Amino acid sequence: MMMEKKKVGIITYHAADNYGSVLQAYALSNYLKKAFNQKCTFINYCSESQRMLYGLYFANESLKDILKNLYIFLILKEKRETKIHAFDSFRRKYFQMSPLNPTSDVKELNLNRYDLIICGSDQIWNVRIKDYDSIYMLDGIDIPKKISYAASMGGLDLNLTNAEMNKIHDDLKSFFSISVRENIAKTMLSKCSLPSIRTNIDPTFLLPADDWKKIMSPRIIEDEYIFFYSIDYNDDSLKIAEWYGNKLGLPVIYMNTSWKSYFIKRAGMKWAGAAKVEDFLSLVYYSKAVLSGSFHGTAFSLIFNKPFYRIQRNVKGNGIVDDRVRSLFERLEIHDREISIDNYKIMLNGLFNIDYKTINQNIRKAKDESKSYFADIFIKEVENENRTN
């Protein structure tokens with residue numbers, strides 16, 4: 001059935017200067033254009049907390065913040081400005097966005113211009129992170145043209161309070177359809193008395209590897225290397241990456257993603273430079289192998305069929321089970337791809353022993369499920385409008 005072209009708005013963390021956030025937004029928009037001829041506009045909202053989180057300087061809330069900002073001004077300003085500019089350039093090049101609106105009131109976003117609003121993926125529904133805002137649940141928009149796709153609440157059980165569950169129920173009860181990314185999100189939303197919650201794969205998987213290769217940078221590192229990508233570059237992950245580089249006789253290339261990443265001083269580890277969004281894709285694609293503590297570092301390793309390990313975090317000697325990764329691995333039938341400070345040495349020989357046949361079949365199956373989900377949404381939306389006219 002031919003899909004009717006509609007005015008589609010997407011609200012997600014498109015404005016976060018985070019490689020995974022920007023790329024999942026790009027993927028969803030381009031997939032809907034490619035698969036359904038739907039031209040999507042990003043609702044150009046960014047919460048004040050998100051602007052502060054990804055700003056040039058930290059909020060001056062403590063003496064430590066003041067000292068960090070002084071160091072940035074004297075030493076790191078150019079590096080951080082270059083990265084901010086790179087993300088802005090990517091958005092200007094690839095995203096159709098509504099005018100920037102700094103409002104904290106969703107009613108002022110003029111959302112009635114859209115026939116359909118999609119709450120996109122990433123952790124937009126994680127009520128415990130710093131840049132959460134109920135606008136990402138379309139709080140206050142009481143019209144039956146809202147859906148979500150692979151929205152995430154994070155990888156842990158949030159142990160929602162009764163007040164939080166009631167608020168989430170009120171915000172999402174009028175959604176036409178709800179899709180989340182992790183099994184744990186489905187469980188939490190079910191406890192909020194929200195029925196028929198679906199799980200779908202992250203938007204980055206909706207585009208084939210060839211589509212990603214069209215926008216990635218040319219090869220950056222000529223020699224073979226391990227690409228190491230983490231969000232916080234904690235001590236355990238640094239130790240693991242350094243050890244793997246030494247054992248394999250390969251340099252370990254990393255990117256700046258956090259304050260700590262500016263101060264990595266480990267043998268054999270090299271900074272990739274002020275990497276653009278397109279550079280991230282290139283660094284994954286041309287690597288000999290990937291070590292990642294990040295969900296999207298893992299996702300693009302899979303998309304490009306790279307040998308990889310996901311580095312599991314440990315807190316006080318206990319491994320943290322992140323349902324973002326666990327749900328993905330269960331869906332794709334992936335086994336023995338997590339390492340931790342407890343087992344990383346004995347896992348060395350298995351790094352390059354990965355068979356992508358079943359994984360790729362499961363990615364295709366997940367994409368088919370997503371296509372069916374969106375086809376169903378657009379058809380039902382047309383039928384619903386016909387009934388009400």
# chains A, B, ... in the order shown; residues from 1 in each chain; ligands from 1
$ closest_atom_pairs --of "region 174-245 of chain A" --to "region 345-364 of chain A" --cutoff "9 Å" --atoms "only C-alpha atoms" --output "CSV"
residue,atom,partner,partner_atom,distance
A:Ile201,CA,A:Ile363,CA,8.4
A:Phe205,CA,A:Ile363,CA,7.2
A:Leu206,CA,A:Ile363,CA,8.6
A:Ile240,CA,A:Lys345,CA,8.3
A:Trp243,CA,A:Lys345,CA,8.3
A:Tyr244,CA,A:Leu348,CA,7.5
$ select_by_dssp --residues "region 123-243 of chain A" --states "alpha helix (DSSP H)" --output "ChimeraX atom specification"
/A:162-172,183-191,209-215,235-243
$ write_last_selection --atoms "C-alpha atoms" --output "compact mmCIF listing (two decimals), in the first residue's frame"
# COMPACT_ATOMS: atom_id res chain seq x y z
CA ASN A 162 4.44 5.80 42.48
CA ALA A 163 4.52 9.49 41.62
CA GLU A 164 6.88 8.83 38.69
CA MET A 165 4.75 5.96 37.40
CA ASN A 166 1.62 8.10 37.56
CA LYS A 167 3.34 10.95 35.73
CA ILE A 168 4.66 8.64 33.00
CA HIS A 169 1.22 7.07 32.62
CA ASP A 170 -0.41 10.48 32.23
CA ASP A 171 2.20 11.61 29.69
CA LEU A 172 2.08 8.49 27.52
CA ASN A 183 13.18 -5.14 27.53
CA ILE A 184 13.56 -3.40 30.88
CA ALA A 185 11.84 -0.30 29.50
CA LYS A 186 8.91 -2.44 28.40
CA THR A 187 8.70 -3.89 31.92
CA MET A 188 8.83 -0.46 33.57
CA LEU A 189 6.19 1.03 31.28
CA SER A 190 3.94 -1.98 31.80
CA LYS A 191 4.12 -1.23 35.53
CA ALA A 209 26.45 -0.41 6.26
CA ASP A 210 26.72 0.95 2.72
CA ASP A 211 24.58 3.96 3.68
CA TRP A 212 26.86 4.73 6.61
CA LYS A 213 29.94 4.40 4.43
CA LYS A 214 28.58 7.13 2.14
CA ILE A 215 28.89 9.75 4.88
CA ASP A 235 40.31 2.89 35.06
CA ASP A 236 39.27 -0.72 34.40
CA SER A 237 38.47 -0.07 30.75
CA LEU A 238 41.75 1.79 30.26
CA LYS A 239 43.66 -1.10 31.78
CA ILE A 240 41.89 -3.59 29.50
CA ALA A 241 42.43 -1.55 26.33
CA GLU A 242 46.11 -0.97 27.11
CA TRP A 243 46.64 -4.68 27.74
$ residues_around --residues "Phe308 (chain A)" --least-positions-apart "5" --cutoff "7 Å" --atoms "only C-alpha atoms" --output "VMD selection string"
chain A and resid 289 to 291 301 351
$ write_last_selection --atoms "C-alpha atoms" --output "PDB file, in the first residue's frame"
ATOM      1  CA  ALA A 289      38.934  -4.605  16.192  1.00  0.00           C
ATOM      2  CA  VAL A 290      36.813  -2.508  18.548  1.00  0.00           C
ATOM      3  CA  LEU A 291      36.760  -2.345  22.337  1.00  0.00           C
ATOM      4  CA  SER A 301      30.838  -2.618  15.443  1.00  0.00           C
ATOM      5  CA  LEU A 351      38.330 -11.533  19.937  1.00  0.00           C
TER       6      LEU A 351
END
$ residues_around --residues "Phe175 (chain A)" --least-positions-apart "4" --cutoff "10 Å" --atoms "only C-alpha atoms" --output "number ranges by chain"
A: 117-118, 137-138, 141-148, 171, 194
$ select_by_dssp --residues "region 31-149 of chain A" --states "strand (DSSP E)" --output "ChimeraX atom specification"
/A:40-42,116-119,146-148
$ atom_distance --atom1 "CA of Asn30 (chain A)" --atom2 "CA of Ala272 (chain A)"
27.6 Å
$ decode --residues "region 179-192 of chain A" --atoms "all heavy atoms" --output "PDB file, in the first residue's frame"
ATOM      1  N   SER A 179       6.817   2.254  21.252  1.00  0.00           N
ATOM      2  CA  SER A 179       7.921   1.329  20.973  1.00  0.00           C
ATOM      3  C   SER A 179       9.118   1.757  21.810  1.00  0.00           C
ATOM      4  O   SER A 179       9.477   2.945  21.852  1.00  0.00           O
ATOM      5  CB  SER A 179       8.283   1.368  19.483  1.00  0.00           C
ATOM      6  OG  SER A 179       9.606   0.912  19.249  1.00  0.00           O
ATOM      7  N   VAL A 180       9.743   0.806  22.482  1.00  0.00           N
ATOM      8  CA  VAL A 180      10.935   1.071  23.285  1.00  0.00           C
ATOM      9  C   VAL A 180      12.077   0.201  22.787  1.00  0.00           C
ATOM     10  O   VAL A 180      11.886  -0.694  21.963  1.00  0.00           O
ATOM     11  CB  VAL A 180      10.681   0.831  24.788  1.00  0.00           C
ATOM     12  CG1 VAL A 180       9.675   1.828  25.335  1.00  0.00           C
ATOM     13  CG2 VAL A 180      10.223  -0.602  25.051  1.00  0.00           C
ATOM     14  N   ARG A 181      13.267   0.471  23.288  1.00  0.00           N
ATOM     15  CA  ARG A 181      14.439  -0.231  22.780  1.00  0.00           C
ATOM     16  C   ARG A 181      14.827  -1.429  23.641  1.00  0.00           C
ATOM     17  O   ARG A 181      15.289  -2.449  23.120  1.00  0.00           O
ATOM     18  CB  ARG A 181      15.622   0.745  22.693  1.00  0.00           C
ATOM     19  CG  ARG A 181      16.800   0.237  21.885  1.00  0.00           C
ATOM     20  CD  ARG A 181      17.868   1.320  21.760  1.00  0.00           C
ATOM     21  NE  ARG A 181      18.467   1.665  23.049  1.00  0.00           N
ATOM     22  CZ  ARG A 181      19.362   2.638  23.211  1.00  0.00           C
ATOM     23  NH1 ARG A 181      19.735   3.379  22.181  1.00  0.00           N
ATOM     24  NH2 ARG A 181      19.870   2.886  24.409  1.00  0.00           N
ATOM     25  N   GLU A 182      14.673  -1.318  24.956  1.00  0.00           N
ATOM     26  CA  GLU A 182      15.126  -2.388  25.857  1.00  0.00           C
ATOM     27  C   GLU A 182      13.957  -3.114  26.503  1.00  0.00           C
ATOM     28  O   GLU A 182      12.889  -2.529  26.737  1.00  0.00           O
ATOM     29  CB  GLU A 182      16.032  -1.830  26.960  1.00  0.00           C
ATOM     30  CG  GLU A 182      17.341  -1.279  26.464  1.00  0.00           C
ATOM     31  CD  GLU A 182      17.240   0.178  26.054  1.00  0.00           C
ATOM     32  OE1 GLU A 182      16.420   0.908  26.643  1.00  0.00           O
ATOM     33  OE2 GLU A 182      17.982   0.579  25.128  1.00  0.00           O
ATOM     34  N   ASN A 183      14.205  -4.359  26.837  1.00  0.00           N
ATOM     35  CA  ASN A 183      13.184  -5.140  27.535  1.00  0.00           C
ATOM     36  C   ASN A 183      12.827  -4.525  28.878  1.00  0.00           C
ATOM     37  O   ASN A 183      11.662  -4.549  29.292  1.00  0.00           O
ATOM     38  CB  ASN A 183      13.677  -6.581  27.743  1.00  0.00           C
ATOM     39  CG  ASN A 183      13.887  -7.320  26.440  1.00  0.00           C
ATOM     40  OD1 ASN A 183      13.176  -7.086  25.459  1.00  0.00           O
ATOM     41  ND2 ASN A 183      14.870  -8.203  26.407  1.00  0.00           N
ATOM     42  N   ILE A 184      13.820  -3.961  29.549  1.00  0.00           N
ATOM     43  CA  ILE A 184      13.564  -3.402  30.878  1.00  0.00           C
ATOM     44  C   ILE A 184      12.653  -2.189  30.791  1.00  0.00           C
ATOM     45  O   ILE A 184      11.866  -1.922  31.704  1.00  0.00           O
ATOM     46  CB  ILE A 184      14.895  -3.076  31.597  1.00  0.00           C
ATOM     47  CG1 ILE A 184      14.667  -2.972  33.106  1.00  0.00           C
ATOM     48  CG2 ILE A 184      15.555  -1.817  31.045  1.00  0.00           C
ATOM     49  CD1 ILE A 184      15.943  -2.972  33.910  1.00  0.00           C
ATOM     50  N   ALA A 185      12.739  -1.441  29.687  1.00  0.00           N
ATOM     51  CA  ALA A 185      11.835  -0.300  29.499  1.00  0.00           C
ATOM     52  C   ALA A 185      10.403  -0.783  29.320  1.00  0.00           C
ATOM     53  O   ALA A 185       9.458  -0.182  29.841  1.00  0.00           O
ATOM     54  CB  ALA A 185      12.277   0.526  28.302  1.00  0.00           C
ATOM     55  N   LYS A 186      10.245  -1.861  28.580  1.00  0.00           N
ATOM     56  CA  LYS A 186       8.905  -2.441  28.404  1.00  0.00           C
ATOM     57  C   LYS A 186       8.319  -2.856  29.747  1.00  0.00           C
ATOM     58  O   LYS A 186       7.137  -2.604  30.028  1.00  0.00           O
ATOM     59  CB  LYS A 186       8.988  -3.645  27.466  1.00  0.00           C
ATOM     60  CG  LYS A 186       7.648  -4.326  27.212  1.00  0.00           C
ATOM     61  CD  LYS A 186       7.792  -5.459  26.203  1.00  0.00           C
ATOM     62  CE  LYS A 186       6.443  -6.122  25.939  1.00  0.00           C
ATOM     63  NZ  LYS A 186       6.547  -7.208  24.924  1.00  0.00           N
ATOM     64  N   THR A 187       9.163  -3.468  30.591  1.00  0.00           N
ATOM     65  CA  THR A 187       8.704  -3.891  31.919  1.00  0.00           C
ATOM     66  C   THR A 187       8.298  -2.689  32.760  1.00  0.00           C
ATOM     67  O   THR A 187       7.242  -2.691  33.408  1.00  0.00           O
ATOM     68  CB  THR A 187       9.814  -4.680  32.626  1.00  0.00           C
ATOM     69  OG1 THR A 187      10.123  -5.850  31.872  1.00  0.00           O
ATOM     70  CG2 THR A 187       9.384  -5.084  34.028  1.00  0.00           C
ATOM     71  N   MET A 188       9.129  -1.634  32.754  1.00  0.00           N
ATOM     72  CA  MET A 188       8.828  -0.458  33.570  1.00  0.00           C
ATOM     73  C   MET A 188       7.561   0.240  33.091  1.00  0.00           C
ATOM     74  O   MET A 188       6.732   0.665  33.902  1.00  0.00           O
ATOM     75  CB  MET A 188      10.017   0.501  33.566  1.00  0.00           C
ATOM     76  CG  MET A 188      11.182   0.035  34.425  1.00  0.00           C
ATOM     77  SD  MET A 188      12.489   1.282  34.615  1.00  0.00           S
ATOM     78  CE  MET A 188      13.332   1.116  33.035  1.00  0.00           C
ATOM     79  N   LEU A 189       7.378   0.354  31.783  1.00  0.00           N
ATOM     80  CA  LEU A 189       6.188   1.031  31.278  1.00  0.00           C
ATOM     81  C   LEU A 189       4.932   0.198  31.506  1.00  0.00           C
ATOM     82  O   LEU A 189       3.848   0.740  31.711  1.00  0.00           O
ATOM     83  CB  LEU A 189       6.351   1.352  29.791  1.00  0.00           C
ATOM     84  CG  LEU A 189       7.397   2.417  29.450  1.00  0.00           C
ATOM     85  CD1 LEU A 189       7.395   2.713  27.955  1.00  0.00           C
ATOM     86  CD2 LEU A 189       7.172   3.691  30.231  1.00  0.00           C
ATOM     87  N   SER A 190       5.083  -1.112  31.480  1.00  0.00           N
ATOM     88  CA  SER A 190       3.939  -1.976  31.797  1.00  0.00           C
ATOM     89  C   SER A 190       3.493  -1.758  33.239  1.00  0.00           C
ATOM     90  O   SER A 190       2.287  -1.772  33.536  1.00  0.00           O
ATOM     91  CB  SER A 190       4.310  -3.442  31.566  1.00  0.00           C
ATOM     92  OG  SER A 190       4.584  -3.683  30.204  1.00  0.00           O
ATOM     93  N   LYS A 191       4.452  -1.522  34.132  1.00  0.00           N
ATOM     94  CA  LYS A 191       4.119  -1.229  35.532  1.00  0.00           C
ATOM     95  C   LYS A 191       3.438   0.127  35.680  1.00  0.00           C
ATOM     96  O   LYS A 191       2.801   0.400  36.698  1.00  0.00           O
ATOM     97  CB  LYS A 191       5.386  -1.274  36.389  1.00  0.00           C
ATOM     98  CG  LYS A 191       5.970  -2.666  36.560  1.00  0.00           C
ATOM     99  CD  LYS A 191       7.236  -2.636  37.408  1.00  0.00           C
ATOM    100  CE  LYS A 191       7.806  -4.039  37.571  1.00  0.00           C
ATOM    101  NZ  LYS A 191       9.073  -4.033  38.362  1.00  0.00           N
ATOM    102  N   CYS A 192       3.583   0.966  34.661  1.00  0.00           N
ATOM    103  CA  CYS A 192       2.900   2.267  34.650  1.00  0.00           C
ATOM    104  C   CYS A 192       1.504   2.153  34.044  1.00  0.00           C
ATOM    105  O   CYS A 192       0.893   3.179  33.687  1.00  0.00           O
ATOM    106  CB  CYS A 192       3.719   3.284  33.856  1.00  0.00           C
ATOM    107  SG  CYS A 192       5.350   3.639  34.539  1.00  0.00           S
TER     108      CYS A 192
END
